[in-house]
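This report concerns only the one structure given below.
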Amino acid sequence: MTGYVNYINMTKARSEAAFREYLEERGPALERLREALLADGQDPDTLLDGSVESLVPLWRWILAHLTVFDAPGGATDPNSVPREQWPSWARHEYEVMHSLSLESLFLIDGLVSYLGDVVQQHAPEARWEIAHHRIKRYHLNKHPVLVSGTGENHNYLPGLPRVHAYGSLTGFRESPDDTMADYARDLIEQLNRGDQPSEDEEMAEEEPLVEVEDLGDDELRGRELEVSLREDIVHEHNRVVGRMIKALKQEDGITRVIREDREVLHVATPDWSTDRMEQWVAGYLMENVGG
């Protein structure tokens, strides 16, 4: 596969090819992680023992070895190599990888493989599928996800590690050593529960988490995007939304964020697309709220 097409915009045939590619990458990505551990004097067989607890020292090690692409020691700018050499999930996301080096993307890719193995060992009914949803702009449509039961709960494994890696590397947020272990425990519980919803999931609505509309150019404010948040998120997690607004204001390319209403933000930006904004907001809420 060549070119850059986000999962959401893929045709059925292309999403199936991307799904196969993602699964085919899991083994090589894990082997590359083992080689990196070995080169650093670690024992991969001891560290990667398949337990949830092993994700604690592994995540600590990965955080210590993340690099920006212009760091001393030859860290590689992902854009300096053909995009086909990136992990496929990184090629097909709207989220820009910012300053993460190619080496760091490979570490995250290996973690994603190992995380999936650990989760499936403890949730034997879990399986990989292509996410499908009746809402076309659903943020995980056509992504490779872990599911169980009827497959309605979609778990896209690269999302949380990528966000935490970038936040930790840039100093935006700390990522505790047990972040991935806690994430794995939650996934295992959810996947083993199958179609039985938790109390939080029973409250979830069918409407999308976030919708973004391009309002065009304003003479005073420039180009604006209107971000509409799902009502239950705002009412139940208003503090998270407040923190999200502060974080969004610090992103490159965002010149102004105004909260027009409890559920509506107006964001001035010269270069962010509606898709990129939707992916960023959805990713932040998924990380900090869940679901």
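Naming scheme: A, B, ... for chains in displayed order of the structure tokens; residues 1 onward per chain; ligands 1 onward as shown.
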Who sits within 12 Å of A:Asp186, only C-alpha atoms, same chain under 2 positions skipped, as a VMD selection string: chain A and resid 52 119 122 to 123 155 179 to 184 188 to 193 198 290 to 291
Produce a file of the selected residues containing all heavy atoms, as a short mmCIF file (atom, residue, chain, number, x, y, z; two decimals), in the first residue's frame.
```cif
data_model
loop_
_atom_site.label_atom_id
_atom_site.label_comp_id
_atom_site.auth_asym_id
_atom_site.auth_seq_id
_atom_site.Cartn_x
_atom_site.Cartn_y
_atom_site.Cartn_z
N VAL A 52 0.82 -8.91 32.89
CA VAL A 52 0.40 -7.50 32.90
C VAL A 52 1.45 -6.65 33.62
O VAL A 52 1.77 -5.54 33.19
CB VAL A 52 -0.98 -7.36 33.57
CG1 VAL A 52 -1.33 -5.88 33.75
CG2 VAL A 52 -2.05 -8.06 32.76
N VAL A 119 -2.83 -8.74 26.46
CA VAL A 119 -4.27 -8.64 26.64
C VAL A 119 -4.97 -9.91 26.15
O VAL A 119 -5.85 -10.46 26.82
CB VAL A 119 -4.81 -7.40 25.90
CG1 VAL A 119 -6.34 -7.42 25.84
CG2 VAL A 119 -4.35 -6.13 26.60
N HIS A 122 -4.83 -12.89 28.45
CA HIS A 122 -5.69 -12.82 29.62
C HIS A 122 -7.16 -12.61 29.27
O HIS A 122 -8.02 -12.64 30.16
CB HIS A 122 -5.21 -11.69 30.55
CG HIS A 122 -3.86 -11.95 31.16
ND1 HIS A 122 -2.68 -11.71 30.49
CD2 HIS A 122 -3.51 -12.43 32.37
CE1 HIS A 122 -1.66 -12.02 31.27
NE2 HIS A 122 -2.13 -12.46 32.41
N ALA A 123 -7.44 -12.37 28.01
CA ALA A 123 -8.82 -12.24 27.53
C ALA A 123 -8.93 -13.11 26.28
O ALA A 123 -8.89 -12.61 25.14
CB ALA A 123 -9.17 -10.79 27.23
N ASN A 155 -11.37 -1.16 20.61
CA ASN A 155 -10.16 -0.81 21.35
C ASN A 155 -8.99 -0.69 20.36
O ASN A 155 -8.47 -1.69 19.87
CB ASN A 155 -9.85 -1.88 22.40
CG ASN A 155 -10.99 -2.04 23.40
OD1 ASN A 155 -11.19 -1.19 24.25
ND2 ASN A 155 -11.75 -3.12 23.28
N THR A 179 1.14 3.15 33.67
CA THR A 179 0.09 3.59 32.74
C THR A 179 -0.38 2.46 31.83
O THR A 179 -1.58 2.22 31.68
CB THR A 179 0.60 4.77 31.88
OG1 THR A 179 0.89 5.88 32.73
CG2 THR A 179 -0.44 5.17 30.84
N MET A 180 0.56 1.76 31.20
CA MET A 180 0.18 0.71 30.25
C MET A 180 -0.37 -0.53 30.96
O MET A 180 -1.26 -1.21 30.44
CB MET A 180 1.37 0.34 29.37
CG MET A 180 1.82 1.47 28.45
SD MET A 180 0.46 2.10 27.44
CE MET A 180 0.84 3.86 27.44
N ALA A 181 0.14 -0.81 32.15
CA ALA A 181 -0.38 -1.94 32.92
C ALA A 181 -1.83 -1.68 33.32
O ALA A 181 -2.69 -2.57 33.21
CB ALA A 181 0.48 -2.19 34.16
N ASP A 182 -2.12 -0.47 33.77
CA ASP A 182 -3.50 -0.12 34.12
C ASP A 182 -4.40 -0.18 32.89
O ASP A 182 -5.55 -0.65 32.97
CB ASP A 182 -3.55 1.28 34.73
CG ASP A 182 -2.99 1.34 36.14
OD1 ASP A 182 -2.82 0.26 36.75
OD2 ASP A 182 -2.72 2.45 36.63
N TYR A 183 -3.89 0.30 31.77
CA TYR A 183 -4.66 0.25 30.52
C TYR A 183 -4.96 -1.19 30.14
O TYR A 183 -6.10 -1.52 29.77
CB TYR A 183 -3.85 0.95 29.43
CG TYR A 183 -4.49 0.98 28.06
CD1 TYR A 183 -5.84 1.26 27.89
CD2 TYR A 183 -3.73 0.75 26.91
CE1 TYR A 183 -6.42 1.31 26.64
CE2 TYR A 183 -4.29 0.81 25.65
CZ TYR A 183 -5.64 1.08 25.52
OH TYR A 183 -6.21 1.13 24.27
N ALA A 184 -3.95 -2.07 30.27
CA ALA A 184 -4.14 -3.48 29.95
C ALA A 184 -5.19 -4.12 30.86
O ALA A 184 -6.05 -4.89 30.40
CB ALA A 184 -2.82 -4.23 30.05
N ILE A 188 -8.56 -5.88 29.53
CA ILE A 188 -8.84 -7.29 29.84
C ILE A 188 -10.20 -7.44 30.49
O ILE A 188 -11.00 -8.32 30.14
CB ILE A 188 -7.72 -7.86 30.73
CG1 ILE A 188 -6.41 -7.97 29.93
CG2 ILE A 188 -8.11 -9.23 31.29
CD1 ILE A 188 -5.18 -8.19 30.79
N GLU A 189 -10.49 -6.56 31.47
CA GLU A 189 -11.79 -6.62 32.14
C GLU A 189 -12.91 -6.39 31.15
O GLU A 189 -13.92 -7.11 31.15
CB GLU A 189 -11.83 -5.57 33.25
CG GLU A 189 -13.17 -5.54 33.99
CD GLU A 189 -13.23 -4.44 35.03
OE1 GLU A 189 -12.21 -3.75 35.23
OE2 GLU A 189 -14.30 -4.27 35.63
N GLN A 190 -12.75 -5.38 30.31
CA GLN A 190 -13.80 -5.06 29.34
C GLN A 190 -14.00 -6.18 28.32
O GLN A 190 -15.13 -6.57 28.00
CB GLN A 190 -13.46 -3.76 28.63
CG GLN A 190 -14.53 -3.31 27.61
CD GLN A 190 -13.95 -3.11 26.23
OE1 GLN A 190 -13.12 -2.24 26.02
NE2 GLN A 190 -14.38 -3.92 25.28
N LEU A 191 -12.90 -6.73 27.82
CA LEU A 191 -13.00 -7.77 26.80
C LEU A 191 -13.56 -9.07 27.39
O LEU A 191 -14.30 -9.79 26.71
CB LEU A 191 -11.63 -8.01 26.18
CG LEU A 191 -11.12 -6.87 25.29
CD1 LEU A 191 -9.62 -7.01 25.03
CD2 LEU A 191 -11.89 -6.81 23.98
N ASN A 192 -13.22 -9.37 28.61
CA ASN A 192 -13.77 -10.56 29.27
C ASN A 192 -15.24 -10.39 29.60
O ASN A 192 -15.98 -11.38 29.70
CB ASN A 192 -12.98 -10.90 30.54
CG ASN A 192 -11.66 -11.59 30.24
OD1 ASN A 192 -11.54 -12.30 29.24
ND2 ASN A 192 -10.67 -11.38 31.08
N ARG A 193 -15.66 -9.14 29.79
CA ARG A 193 -17.07 -8.86 30.08
C ARG A 193 -17.92 -9.05 28.83
O ARG A 193 -19.13 -9.29 28.92
CB ARG A 193 -17.18 -7.43 30.60
CG ARG A 193 -18.52 -7.09 31.23
CD ARG A 193 -18.48 -5.76 31.96
NE ARG A 193 -18.13 -4.67 31.06
CZ ARG A 193 -17.07 -3.90 31.19
NH1 ARG A 193 -16.23 -4.09 32.20
NH2 ARG A 193 -16.83 -2.93 30.34
N SER A 198 -20.59 -1.91 31.30
CA SER A 198 -20.35 -1.37 32.64
C SER A 198 -21.37 -0.26 32.88
O SER A 198 -22.12 0.13 31.98
CB SER A 198 -18.93 -0.81 32.74
OG SER A 198 -18.81 0.31 31.88
N GLY A 290 -12.30 7.95 28.88
CA GLY A 290 -12.50 6.53 28.63
C GLY A 290 -13.62 6.33 27.63
O GLY A 290 -14.46 7.19 27.39
N GLY A 291 -13.65 5.11 27.04
CA GLY A 291 -14.70 4.79 26.07
C GLY A 291 -14.46 5.37 24.73
O GLY A 291 -15.36 5.44 23.92
#
```
Per residue of stretch 160-255 of chain A within 12 Å of stretch 62-84 of chain A, which atom pair is closest and at what distance in Å (one decimal), using only C-alpha atoms, listed by chain and increasing number, as a Markdown table?
```
| residue | atom | partner | partner_atom | distance |
| --- | --- | --- | --- | --- |
| A:Pro161 | CA | A:Leu63 | CA | 10.2 |
| A:Arg162 | CA | A:Leu66 | CA | 11.2 |
| A:His164 | CA | A:Leu63 | CA | 9.1 |
| A:Ala165 | CA | A:Leu63 | CA | 6.8 |
| A:Tyr166 | CA | A:Leu66 | CA | 8.8 |
| A:Gly167 | CA | A:Leu63 | CA | 10.4 |
| A:Ser168 | CA | A:Leu63 | CA | 7.3 |
| A:Leu169 | CA | A:Leu66 | CA | 6.7 |
| A:Thr170 | CA | A:Val68 | CA | 8.8 |
| A:Gly171 | CA | A:Leu63 | CA | 11.6 |
| A:Glu174 | CA | A:Leu63 | CA | 10.1 |
| A:Ser175 | CA | A:Leu63 | CA | 8.3 |
| A:Pro176 | CA | A:Leu63 | CA | 9.6 |
| A:Asp177 | CA | A:Leu63 | CA | 8.6 |
| A:Asp178 | CA | A:Leu63 | CA | 11.7 |
| A:Thr179 | CA | A:Leu63 | CA | 11.1 |
| A:Met180 | CA | A:Ile62 | CA | 11.1 |
```
Next, dump the selected residues to file, keeping only C-alpha atoms, as a PDB file, in the first residue's frame.
```pdb
ATOM      1  CA  PRO A 161       0.674   4.838  23.970  1.00  0.00           C
ATOM      2  CA  ARG A 162       1.173   7.398  21.199  1.00  0.00           C
ATOM      3  CA  HIS A 164       1.424   9.405  26.354  1.00  0.00           C
ATOM      4  CA  ALA A 165       4.732   9.070  24.514  1.00  0.00           C
ATOM      5  CA  TYR A 166       4.360  12.482  22.905  1.00  0.00           C
ATOM      6  CA  GLY A 167       3.150  14.107  26.114  1.00  0.00           C
ATOM      7  CA  SER A 168       6.009  12.653  28.144  1.00  0.00           C
ATOM      8  CA  LEU A 169       8.675  13.506  25.582  1.00  0.00           C
ATOM      9  CA  THR A 170       7.563  17.120  25.258  1.00  0.00           C
ATOM     10  CA  GLY A 171       7.005  17.580  28.994  1.00  0.00           C
ATOM     11  CA  GLU A 174       3.831  12.885  32.950  1.00  0.00           C
ATOM     12  CA  SER A 175       3.124   9.246  32.198  1.00  0.00           C
ATOM     13  CA  PRO A 176       3.398   7.033  35.299  1.00  0.00           C
ATOM     14  CA  ASP A 177       5.262   3.751  34.927  1.00  0.00           C
ATOM     15  CA  ASP A 178       2.053   1.774  35.470  1.00  0.00           C
ATOM     16  CA  THR A 179       0.091   3.591  32.739  1.00  0.00           C
ATOM     17  CA  MET A 180       0.176   0.708  30.254  1.00  0.00           C
TER      18      MET A 180
END
```
List every residue of stretch 5-211 of chain A that DSSP, applied to the backbone of this structure, places in strand (DSSP E or B), and write the result as a PyMOL selection string. chain A and resi 68+100+127-130+144-147+155+210-211
Which residues come within 12 Å of A:Gln279, counting only C-alpha atoms, excluding same-chain residues fewer than 5 positions away, as a ChimeraX atom specification? /A:6-8,92-96,137-141,159,163,208-212,227,272-274,284-286
Counting only C-alpha atoms, which residue out of A:Arg230, A:Arg32, A:His143, A:Lys136 sits closest to A:Val264? A:Arg230
From the list A:Leu225, A:Trp89, A:Met244, A:Asp214, the nearest residue to A:Val145 using only C-alpha atoms is A:Trp89
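Across the structure, atom CA of A:Gln120 and atom CA of A:Ala282 are spaced 25.2 Å apart.
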Please report, as a tab-separated table, each residue of stretch 107-199 of chain A lying at most 9 Å from stretch 11-29 of chain A, together with the nearest pair of atoms and the separation in Å rounded to one decimal; use only C-alpha atoms, and order rows by chain and ascending residue number.
```
residue	atom	partner	partner_atom	distance
A:Leu107	CA	A:Ala29	CA	8.2
A:Asp109	CA	A:Ala29	CA	6.0
A:Gly110	CA	A:Ala29	CA	4.6
A:Leu111	CA	A:Ala29	CA	8.3
A:Val112	CA	A:Arg26	CA	8.0
A:Ser113	CA	A:Arg26	CA	5.1
A:Tyr114	CA	A:Arg26	CA	8.4
A:Gly116	CA	A:Arg26	CA	8.9
A:Trp128	CA	A:Leu23	CA	8.5
A:Glu129	CA	A:Phe19	CA	8.0
A:Ile130	CA	A:Phe19	CA	6.8
A:Lys142	CA	A:Ser15	CA	6.0
A:His143	CA	A:Phe19	CA	7.6
A:Pro144	CA	A:Phe19	CA	5.8
```
Output N, CA and C atoms for every residue in that selection, as a PDB file, in the first residue's frame.
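Written file, out38.pdb:
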```pdb
ATOM      1  N   LEU A 107       9.494   1.971  18.707  1.00  0.00           N
ATOM      2  CA  LEU A 107       9.343   1.490  20.083  1.00  0.00           C
ATOM      3  C   LEU A 107       7.865   1.389  20.457  1.00  0.00           C
ATOM      4  N   ASP A 109       5.428   1.031  18.382  1.00  0.00           N
ATOM      5  CA  ASP A 109       4.873  -0.047  17.568  1.00  0.00           C
ATOM      6  C   ASP A 109       5.125  -1.402  18.229  1.00  0.00           C
ATOM      7  N   GLY A 110       6.337  -1.600  18.749  1.00  0.00           N
ATOM      8  CA  GLY A 110       6.638  -2.851  19.446  1.00  0.00           C
ATOM      9  C   GLY A 110       5.806  -3.003  20.700  1.00  0.00           C
ATOM     10  N   LEU A 111       5.629  -1.910  21.434  1.00  0.00           N
ATOM     11  CA  LEU A 111       4.788  -1.947  22.631  1.00  0.00           C
ATOM     12  C   LEU A 111       3.362  -2.342  22.277  1.00  0.00           C
ATOM     13  N   VAL A 112       2.831  -1.791  21.172  1.00  0.00           N
ATOM     14  CA  VAL A 112       1.474  -2.120  20.743  1.00  0.00           C
ATOM     15  C   VAL A 112       1.338  -3.622  20.498  1.00  0.00           C
ATOM     16  N   SER A 113       2.355  -4.224  19.867  1.00  0.00           N
ATOM     17  CA  SER A 113       2.326  -5.670  19.625  1.00  0.00           C
ATOM     18  C   SER A 113       2.317  -6.437  20.933  1.00  0.00           C
ATOM     19  N   TYR A 114       3.221  -6.065  21.842  1.00  0.00           N
ATOM     20  CA  TYR A 114       3.318  -6.775  23.113  1.00  0.00           C
ATOM     21  C   TYR A 114       2.062  -6.566  23.953  1.00  0.00           C
ATOM     22  N   GLY A 116      -0.943  -6.049  22.882  1.00  0.00           N
ATOM     23  CA  GLY A 116      -1.987  -6.900  22.317  1.00  0.00           C
ATOM     24  C   GLY A 116      -1.828  -8.353  22.722  1.00  0.00           C
ATOM     25  N   TRP A 128      -9.170  -9.561  16.755  1.00  0.00           N
ATOM     26  CA  TRP A 128      -8.955  -8.361  15.943  1.00  0.00           C
ATOM     27  C   TRP A 128     -10.053  -8.242  14.896  1.00  0.00           C
ATOM     28  N   GLU A 129     -10.546  -7.039  14.733  1.00  0.00           N
ATOM     29  CA  GLU A 129     -11.535  -6.756  13.698  1.00  0.00           C
ATOM     30  C   GLU A 129     -11.318  -5.360  13.138  1.00  0.00           C
ATOM     31  N   ILE A 130     -11.988  -5.080  12.019  1.00  0.00           N
ATOM     32  CA  ILE A 130     -12.047  -3.718  11.495  1.00  0.00           C
ATOM     33  C   ILE A 130     -13.263  -3.042  12.121  1.00  0.00           C
ATOM     34  N   LYS A 142     -13.122   1.930  10.639  1.00  0.00           N
ATOM     35  CA  LYS A 142     -12.167   1.246   9.767  1.00  0.00           C
ATOM     36  C   LYS A 142     -10.769   1.106  10.386  1.00  0.00           C
ATOM     37  N   HIS A 143     -10.608   1.416  11.676  1.00  0.00           N
ATOM     38  CA  HIS A 143      -9.349   1.184  12.369  1.00  0.00           C
ATOM     39  C   HIS A 143      -9.248  -0.287  12.770  1.00  0.00           C
ATOM     40  N   PRO A 144      -8.032  -0.830  12.902  1.00  0.00           N
ATOM     41  CA  PRO A 144      -7.864  -2.180  13.448  1.00  0.00           C
ATOM     42  C   PRO A 144      -8.052  -2.128  14.964  1.00  0.00           C
TER      43      PRO A 144
END
```
Selection near A:Arg127, 7 Å with only C-alpha atoms, sequence-local residues under 2 positions removed, as JSON, numbers by chain: {"A": [125, 129, 146, 147, 148]}
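Atom CA of A:Val267 lies 10.4 Å from atom CA of A:Gly253.
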Distance atom CA of A:Arg239-atom CA of A:Ala268, one decimal place? 22.0 Å
Which residues are close to A:Glu263, i.e. within 10 Å by only C-alpha atoms, leaving aside same-chain residues fewer than 5 positions away? Reply as a VMD selection string. chain A and resid 210 227 to 235 238 241
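Using only C-alpha atoms for every distance, the candidate list A:Glu236, A:Glu152, A:Glu224, A:Asp261 yields A:Glu224 as the residue closest to A:Met277.
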Residue nearest A:Ala126 - candidates A:Pro87, A:Pro44, A:Pro57, A:Gly149, atoms counted: only C-alpha atoms: A:Gly149
